[in-house]
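Participant: Below you'll find the structure I mean.
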Amino acid sequence: MLLKKLWRTMGLYKAQFISMIIMIAIGVGVFCGFNIEWTSIRDDTAKFFKETGFADYRIASKAGFTKQDEEKIKNIDGVDETSRYLAVNVSVESVSGTSLSLTVTENKKVSFFKIIEGEEYSADDEDGVWLSDKFAKENSLKVGDEIKLAYESFSFSGKIKGLIKAGEYLICVRDETQLMPDYKKFAFCYVSPAFFKKATGFEYYPQINVISSLEKNEFKDKVNSALEKTTLVYTKDEVTSYAQMKGEEEEGKTMGSILPVLFLAIAVLTMVTTMHRLTAKEKTQIGTLKALGFKDKRILRHYTSYAFTIGVIGSAIGIALGFALAYFIMNPNGSMGTYFDMPYWGLTIPWFGWVVIAGIIIVLTFIGFLSVKQMLKGTAADSLRPYTPKKMKKIALEKTPLWNKFSFGAKWNMRDIMRHKSRTLMSLIGIVGCMIIIVGSLGMRDTMDGFLNLYYDGAMNYNTKIFVSDEATKAQTDKIIEDYNGDSSGTVYVETGEKMIALDVYTLKNDSVRFPDKDDNFVTLKNDGAYICTRLATKFSLKAGDEIEVSPYGSDKKYTLKINGVIRSITENIVVTSDYANLLGIAFDIDSVYTKTEKDAVKFGNGVKSTQSKNDIIESFDTFTEIMNMMIVILVAAALVLGVVVLYNLGVMSYTERYREMATLKVVGFKDKKIGSLLIGQNLWVTLVGVVIGLPLGFFTLKILVDALATEYEMRAAISPLSCIISIALIFLTSLLVSFLVSKKNKKIDMVEALKAAE
C-alpha cells in the first residue's frame, strides 16, 4: 500500500519532485563532467606517452652530440633508454604557406610516434616521410603523395609513407606565443636518420632524449659528470606538450573543486527546505497513517524513501549528464580534440566520484529522515492537525514611526520574509550562486579579450617574426636586420634556484616588442637592469630594486642582475636589453628578428631559417575563442536552469505556505493581479539583494579561477560593465519569469476550502 502511496504522492507533488531531481542531476552532472574530463586527460595521455616513449629528460647543446656522447649517457646507472634527437622547422614547398617540425629520433623506444595509417617505419628508409594525420587531412594529402621540404639552403622531397600521431607533439604549436594548434599551417613529420643525412649531407643531433626515473638534480649531476661539462638539461615538465597537458589536468581539478561544489551546495540546501515543507504538507497524511496503526519506523522508512528515490534518480541522470558533458569536451571533434592530437579518447570517472555520489545520496536520505522524524513527534491526534506556520512577534521595524509609511504590500512581504527565514535564505543562496556562475563565466571572456588585446594588438607590434638560422654568421644576421628594418632578440637559457629560465635579450629601435606591467601599461626597457615576469617575481619574492643571480647553461660564470621592474609575460622569462647584457658580459646569439614586412615578402636563405606571421598566430585564437564561448554558454545555461528550478520550487513552497493568507486577501476583495504583484515584489526584493551580494562574489570567484587556471599567461581578471549589466538582466528576467509563473496559481485558490481548515 505504501509503495502505491509513494508513486501517488510523487505524482501529486510532481513539480517539487521534478525540481529536486533536476537540481541533483545538474549538481552531480557538473561534478562528474569536470572530474571525468581531467581524469580522462591524465589516463589517456599517460597511455599515449608510454606507447610513444615520451622522454623524461632532454639534454641540449647547439654544438650537437656524438654517438659516443650518447653512449656515456646510456651507461649512467638509472637511465633506461636514450636517443639522439633532432627537431627543426622546415617549409613545405609543395603546400604554400605551411611548415613542419621535421623530427628525427634514432631509437624507436624514445620520442617516437604511433602509425595511424600507412607503412611501418624503417630507420634505413631514405625517402619516406611519416606525416601528421591532421596536417594531411587539412591539406588534402594522403599516403603515397610526394611532399617537398626546404630547410635553410637545402631543398629535398620525400614520399608520404604513413600518417601518424606523436606524444612529443600532443599539443603542436610553433612556440609559446601560439595558444592553439593550427594544423593547416603548422604540424610535424618524422624522417629516418638515413633520410636526413642523405638530404643534408651531414649528421647533427642537438639533443639526447632520455627515459629515466632519476630525480632531476641527481640526473643533472650524473650527466655533467659523464660528459665532463655543464649541460642544459630540462625535464618533461618544461616541454610544451607535457606542461600544457598537466596544466589542462590541473585546470580540470580546479574547476572540479569550485563550480560543482557551488551547484551541489545549492541543490542540497534547497533540498533541506523543500523536504521539510513537503513533509509539513503531508502532516495530516502522516497522522492518518499513525491512526490506522502504522508504526513510526515504517512511516519513517516510507517518507525517507522519497528523499532516497530523489537522490538515486537525480544521481543516475547526473552521471549520464556528466559523461555527456565530458564527451562534449573530450572527443576527437570536441573542444579538447582541437587542442590535443592523440588517438585515445576514453572517459574515466575517478574513484572518489563514486564516493561523493554515494555520499550525496546518503546526505539527501538523511535530510528526508530528519524532516519526517520531526513530524512524527506527538500522538496521532497531534499529527492530524494541519501544519500551521509559527506565530511571529513584531519585527523591530514595526515599532518605529517609519513602519506606517510603508505600503500594505511592503509590510506583508517583510513579515513573510521574517516568518519564513529559511525559505528566503534558500532563494537568496540560489540567486547568489547563479550570479556567481554567470559573472564568472562572462568575466572569463572579458579577461581573455583583454589578454588578447594587450598582447597581440599591443605588445606584438610587428607583422612578421623571422627565425635566424643557428648557422647564420654575424654578417648575415646584421644583413637581415638591415634589409627588413627589424628589431632583434636572442635567448640564453640560465639557471637560478635550480630552475631553468629563459633570459631574453632584446635590441629594440622600432618598438616592435612591448612589455606590459601589472597595470597594463607598457614598460620602456632601460639599459641598467632586468625585468622579471610576474610568475618568477612571485616564486622568488622579488620586486624592483632587488637582485637575482643567474648562471648560463654550459658555463660556470654567474651574473647578478638588478631588477628594474616586474612585467607580465606569456613565457617564464627575464628580459634585458642587449646593452645591459653586453655591460655584464653575457654572451648571446640573435635568433629572432621582428619586422613590419609581410611574411610573403621575406626571402629564405642567407641566414633566414623560417618565418611566423602575427596574423597566423591571431587566427589560431579563433578556435580558442569558439571553444571558450561554447563553455560559457554551457555554464550560463546551467546556471539559469538551476536558477529557474530553485526559484520555481521555492516559489511554489511560498505559494503553499501562504495559501490561506492569499485566500483571505481574495475574500476581502484583493484581485488576482494585486496578489500576484505582492508575490512578484517579494521575489524582486530577494533578487536585488542576491545581485548586490553575487556581483562582487562573482568577481572574486573569477579572480580565483584566473589565478588558478591561467597562471602561465599571467592574465589579469577583468569584467566589463556590459557583462555586469547582462548578468544582472539575466538574473532579474529569470526571477520575473518564475514569479509570473507562480503568481498565475492565484486563480486556482479555493477560498472556502482554504479558510475552513482547522487552525
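Letters for chains follow the order of the C-alpha cells (A, B, ...), residue numbers begin at 1 for each chain, and ligand numbers begin at 1 in the order shown.
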For region 134-148 of chain A, list every protein, DNA or RNA residue within 7 Å, evaluated using only C-alpha atoms, and leave out those in the same chain fewer than 6 positions away; present the list as a list in words.
Facilitator: Val92, Glu93, Ser94, Gly118, Phe156, Ser157, Gly158, Lys159, Ile160, Lys161, Gly162, Tyr183, Lys184 and Ala187 of chain A
Participant: Write the residues you've just listed into a file as a CSV table (one decimal), in the first residue's frame, and include N, CA and C atoms for each of them.
Facilitator:
```csv
chain,number,residue,atom,x,y,z
A,92,VAL,N,57.2,23.8,-46.2
A,92,VAL,CA,56.6,22.8,-47.1
A,92,VAL,C,56.4,23.5,-48.4
A,93,GLU,N,57.3,23.3,-49.4
A,93,GLU,CA,57.3,24.0,-50.7
A,93,GLU,C,56.1,23.5,-51.5
A,94,SER,N,55.6,22.3,-51.3
A,94,SER,CA,54.5,21.8,-52.1
A,94,SER,C,53.2,22.2,-51.6
A,118,GLY,N,49.2,3.6,-43.0
A,118,GLY,CA,50.4,3.5,-43.9
A,118,GLY,C,51.4,2.5,-43.5
A,156,PHE,N,64.6,19.3,-50.4
A,156,PHE,CA,64.5,17.9,-50.6
A,156,PHE,C,63.1,17.5,-50.6
A,157,SER,N,62.8,16.3,-51.1
A,157,SER,CA,61.5,15.8,-51.2
A,157,SER,C,61.4,14.3,-50.7
A,158,GLY,N,60.2,13.9,-50.3
A,158,GLY,CA,60.0,12.5,-49.9
A,158,GLY,C,58.6,12.0,-50.2
A,159,LYS,N,58.4,10.8,-50.0
A,159,LYS,CA,57.1,10.2,-50.2
A,159,LYS,C,56.4,9.9,-48.8
A,160,ILE,N,55.2,10.4,-48.8
A,160,ILE,CA,54.4,10.2,-47.5
A,160,ILE,C,54.1,8.7,-47.4
A,161,LYS,N,54.8,8.0,-46.4
A,161,LYS,CA,54.6,6.6,-46.2
A,161,LYS,C,53.7,6.2,-45.0
A,162,GLY,N,53.4,7.2,-44.2
A,162,GLY,CA,52.5,6.9,-43.1
A,162,GLY,C,51.9,8.2,-42.5
A,183,TYR,N,46.6,23.2,-37.6
A,183,TYR,CA,47.2,22.1,-38.4
A,183,TYR,C,47.2,22.3,-39.9
A,184,LYS,N,46.5,23.3,-40.3
A,184,LYS,CA,46.5,23.7,-41.7
A,184,LYS,C,47.9,24.3,-42.1
A,187,ALA,N,52.5,21.7,-38.4
A,187,ALA,CA,52.4,20.4,-37.7
A,187,ALA,C,53.8,19.8,-37.6
```
Participant: Check which residues of region 82-190 of chain A sit at most 10 Å from region 62-65 of chain A using only C-alpha atoms, and return one row each with the closest pair of atoms and their distance in Å to one decimal, ordered by chain and rising number, as JSON lines.
Facilitator:
```
{"residue": "A:Arg84", "atom": "CA", "partner": "A:Phe65", "partner_atom": "CA", "distance": 7.4}
{"residue": "A:Tyr85", "atom": "CA", "partner": "A:Phe65", "partner_atom": "CA", "distance": 9.3}
{"residue": "A:Leu86", "atom": "CA", "partner": "A:Gly64", "partner_atom": "CA", "distance": 9.4}
```
Participant: Residues near region 525-527 of chain A, anyone? I mean within 12 Å using only C-alpha atoms, not counting same-chain ones fewer than 6 positions away, as a ChimeraX atom specification.
Facilitator: /A:505-509,511,513-517,561-567,574-584
Participant: Write the selection just made, keeping N, CA, C and O atoms, as a short mmCIF file (atom, residue, chain, number, x, y, z; two decimals), in the first residue's frame?
Facilitator:
```
data_model
loop_
_atom_site.label_atom_id
_atom_site.label_comp_id
_atom_site.auth_asym_id
_atom_site.auth_seq_id
_atom_site.Cartn_x
_atom_site.Cartn_y
_atom_site.Cartn_z
N VAL A 505 67.22 38.58 -24.52
CA VAL A 505 68.00 39.80 -24.73
C VAL A 505 67.46 40.51 -25.97
O VAL A 505 67.46 39.95 -27.07
N TYR A 506 67.00 41.75 -25.82
CA TYR A 506 66.35 42.49 -26.91
C TYR A 506 67.17 43.70 -27.33
O TYR A 506 67.77 44.39 -26.50
N THR A 507 67.14 43.95 -28.65
CA THR A 507 67.61 45.22 -29.22
C THR A 507 66.40 45.83 -29.92
O THR A 507 65.96 45.35 -30.97
N LEU A 508 65.82 46.87 -29.35
CA LEU A 508 64.56 47.43 -29.83
C LEU A 508 64.74 48.89 -30.22
O LEU A 508 64.82 49.77 -29.36
N LYS A 509 64.81 49.13 -31.53
CA LYS A 509 64.91 50.50 -32.03
C LYS A 509 63.59 50.97 -32.63
O LYS A 509 63.36 52.16 -32.79
N ASP A 511 60.48 49.70 -31.54
CA ASP A 511 59.37 49.40 -30.62
C ASP A 511 58.53 48.22 -31.13
O ASP A 511 57.31 48.20 -30.99
N VAL A 513 58.50 45.08 -30.06
CA VAL A 513 58.00 44.25 -28.97
C VAL A 513 57.89 45.13 -27.73
O VAL A 513 58.82 45.87 -27.40
N ARG A 514 56.72 45.03 -27.06
CA ARG A 514 56.50 45.85 -25.88
C ARG A 514 56.13 44.96 -24.69
O ARG A 514 55.65 43.83 -24.88
N PHE A 515 56.32 45.48 -23.50
CA PHE A 515 56.19 44.66 -22.30
C PHE A 515 55.24 45.33 -21.31
O PHE A 515 55.55 46.40 -20.78
N PRO A 516 54.09 44.70 -21.04
CA PRO A 516 53.11 45.30 -20.13
C PRO A 516 53.45 45.04 -18.67
O PRO A 516 54.00 43.98 -18.33
N ASP A 517 53.13 45.99 -17.82
CA ASP A 517 53.29 45.77 -16.38
C ASP A 517 51.96 45.29 -15.79
O ASP A 517 51.00 45.03 -16.53
N LEU A 561 71.89 40.24 -11.69
CA LEU A 561 71.05 41.19 -12.41
C LEU A 561 70.27 42.04 -11.43
O LEU A 561 69.64 41.53 -10.50
N LYS A 562 70.30 43.35 -11.65
CA LYS A 562 69.47 44.25 -10.85
C LYS A 562 68.08 44.31 -11.49
O LYS A 562 67.94 44.46 -12.71
N ILE A 563 67.04 44.16 -10.69
CA ILE A 563 65.67 44.13 -11.21
C ILE A 563 65.11 45.55 -11.27
O ILE A 563 65.00 46.23 -10.25
N ASN A 564 64.80 45.97 -12.49
CA ASN A 564 64.21 47.30 -12.69
C ASN A 564 62.69 47.30 -12.55
O ASN A 564 62.10 48.33 -12.25
N GLY A 565 62.07 46.16 -12.82
CA GLY A 565 60.61 46.11 -12.75
C GLY A 565 60.07 44.72 -12.98
O GLY A 565 60.80 43.80 -13.37
N VAL A 566 58.78 44.58 -12.72
CA VAL A 566 58.06 43.31 -12.92
C VAL A 566 57.11 43.49 -14.09
O VAL A 566 56.35 44.46 -14.16
N ILE A 567 57.16 42.54 -15.04
CA ILE A 567 56.32 42.62 -16.23
C ILE A 567 55.44 41.37 -16.32
O ILE A 567 55.68 40.37 -15.65
N ILE A 574 63.15 36.30 -18.06
CA ILE A 574 63.73 37.57 -17.62
C ILE A 574 64.12 38.32 -18.89
O ILE A 574 64.66 37.73 -19.83
N VAL A 575 63.83 39.61 -18.94
CA VAL A 575 64.09 40.42 -20.14
C VAL A 575 65.15 41.47 -19.82
O VAL A 575 65.07 42.15 -18.79
N VAL A 576 66.14 41.57 -20.71
CA VAL A 576 67.16 42.62 -20.59
C VAL A 576 67.43 43.19 -21.98
O VAL A 576 67.09 42.58 -23.00
N THR A 577 68.03 44.37 -22.02
CA THR A 577 68.46 44.94 -23.30
C THR A 577 69.82 44.38 -23.67
O THR A 577 70.57 43.88 -22.82
N SER A 578 70.15 44.45 -24.95
CA SER A 578 71.46 43.96 -25.41
C SER A 578 72.59 44.79 -24.79
O SER A 578 73.67 44.27 -24.50
N ASP A 579 72.33 46.09 -24.56
CA ASP A 579 73.35 46.94 -23.94
C ASP A 579 73.66 46.47 -22.53
O ASP A 579 74.83 46.44 -22.10
N TYR A 580 72.61 46.09 -21.78
CA TYR A 580 72.83 45.63 -20.41
C TYR A 580 73.53 44.27 -20.40
O TYR A 580 74.42 44.02 -19.58
N ALA A 581 73.16 43.39 -21.35
CA ALA A 581 73.82 42.08 -21.46
C ALA A 581 75.29 42.26 -21.79
O ALA A 581 76.16 41.58 -21.21
N ASN A 582 75.59 43.17 -22.71
CA ASN A 582 76.99 43.42 -23.08
C ASN A 582 77.77 44.03 -21.92
O ASN A 582 78.95 43.73 -21.71
N LEU A 583 77.10 44.89 -21.15
CA LEU A 583 77.74 45.52 -19.99
C LEU A 583 78.16 44.47 -18.96
O LEU A 583 79.25 44.55 -18.37
N LEU A 584 77.29 43.44 -18.79
CA LEU A 584 77.59 42.38 -17.82
C LEU A 584 78.51 41.30 -18.40
O LEU A 584 79.03 40.47 -17.68
#
```
Participant: Considering only C-alpha atoms, state which residue in the set A:Glu482, A:Asp341, A:Glu251, A:Asp446 is at the smallest distance from Pro181 (chain A).
Facilitator: A:Asp341
Participant: From the set A:Ile617, A:Ile632, A:Ile59, A:Val439, which residue has the shortest atom-to-atom contact distance to Lys222 (chain A), counting only C-alpha atoms?
Facilitator: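 When distances to Lys222 (chain A) are compared using only C-alpha atoms, the smallest one comes from A:Ile59.
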Participant: Which of these, A:Ile36, A:Lys253, A:Val644, A:Leu635, has the shortest distance to Trp351 (chain A) once you count only C-alpha atoms?
Facilitator: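 Ranking A:Ile36, A:Lys253, A:Val644, A:Leu635 by distance to Trp351 (chain A), first place goes to A:Ile36.
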Participant: Just want the 9 Å neighbourhood of Ile466 (chain A), counted on only C-alpha atoms, with same-chain residues fewer than 2 positions away dropped. Output as a ChimeraX atom specification.
Facilitator: /A:464,468,480,591-595,599,602,608-613
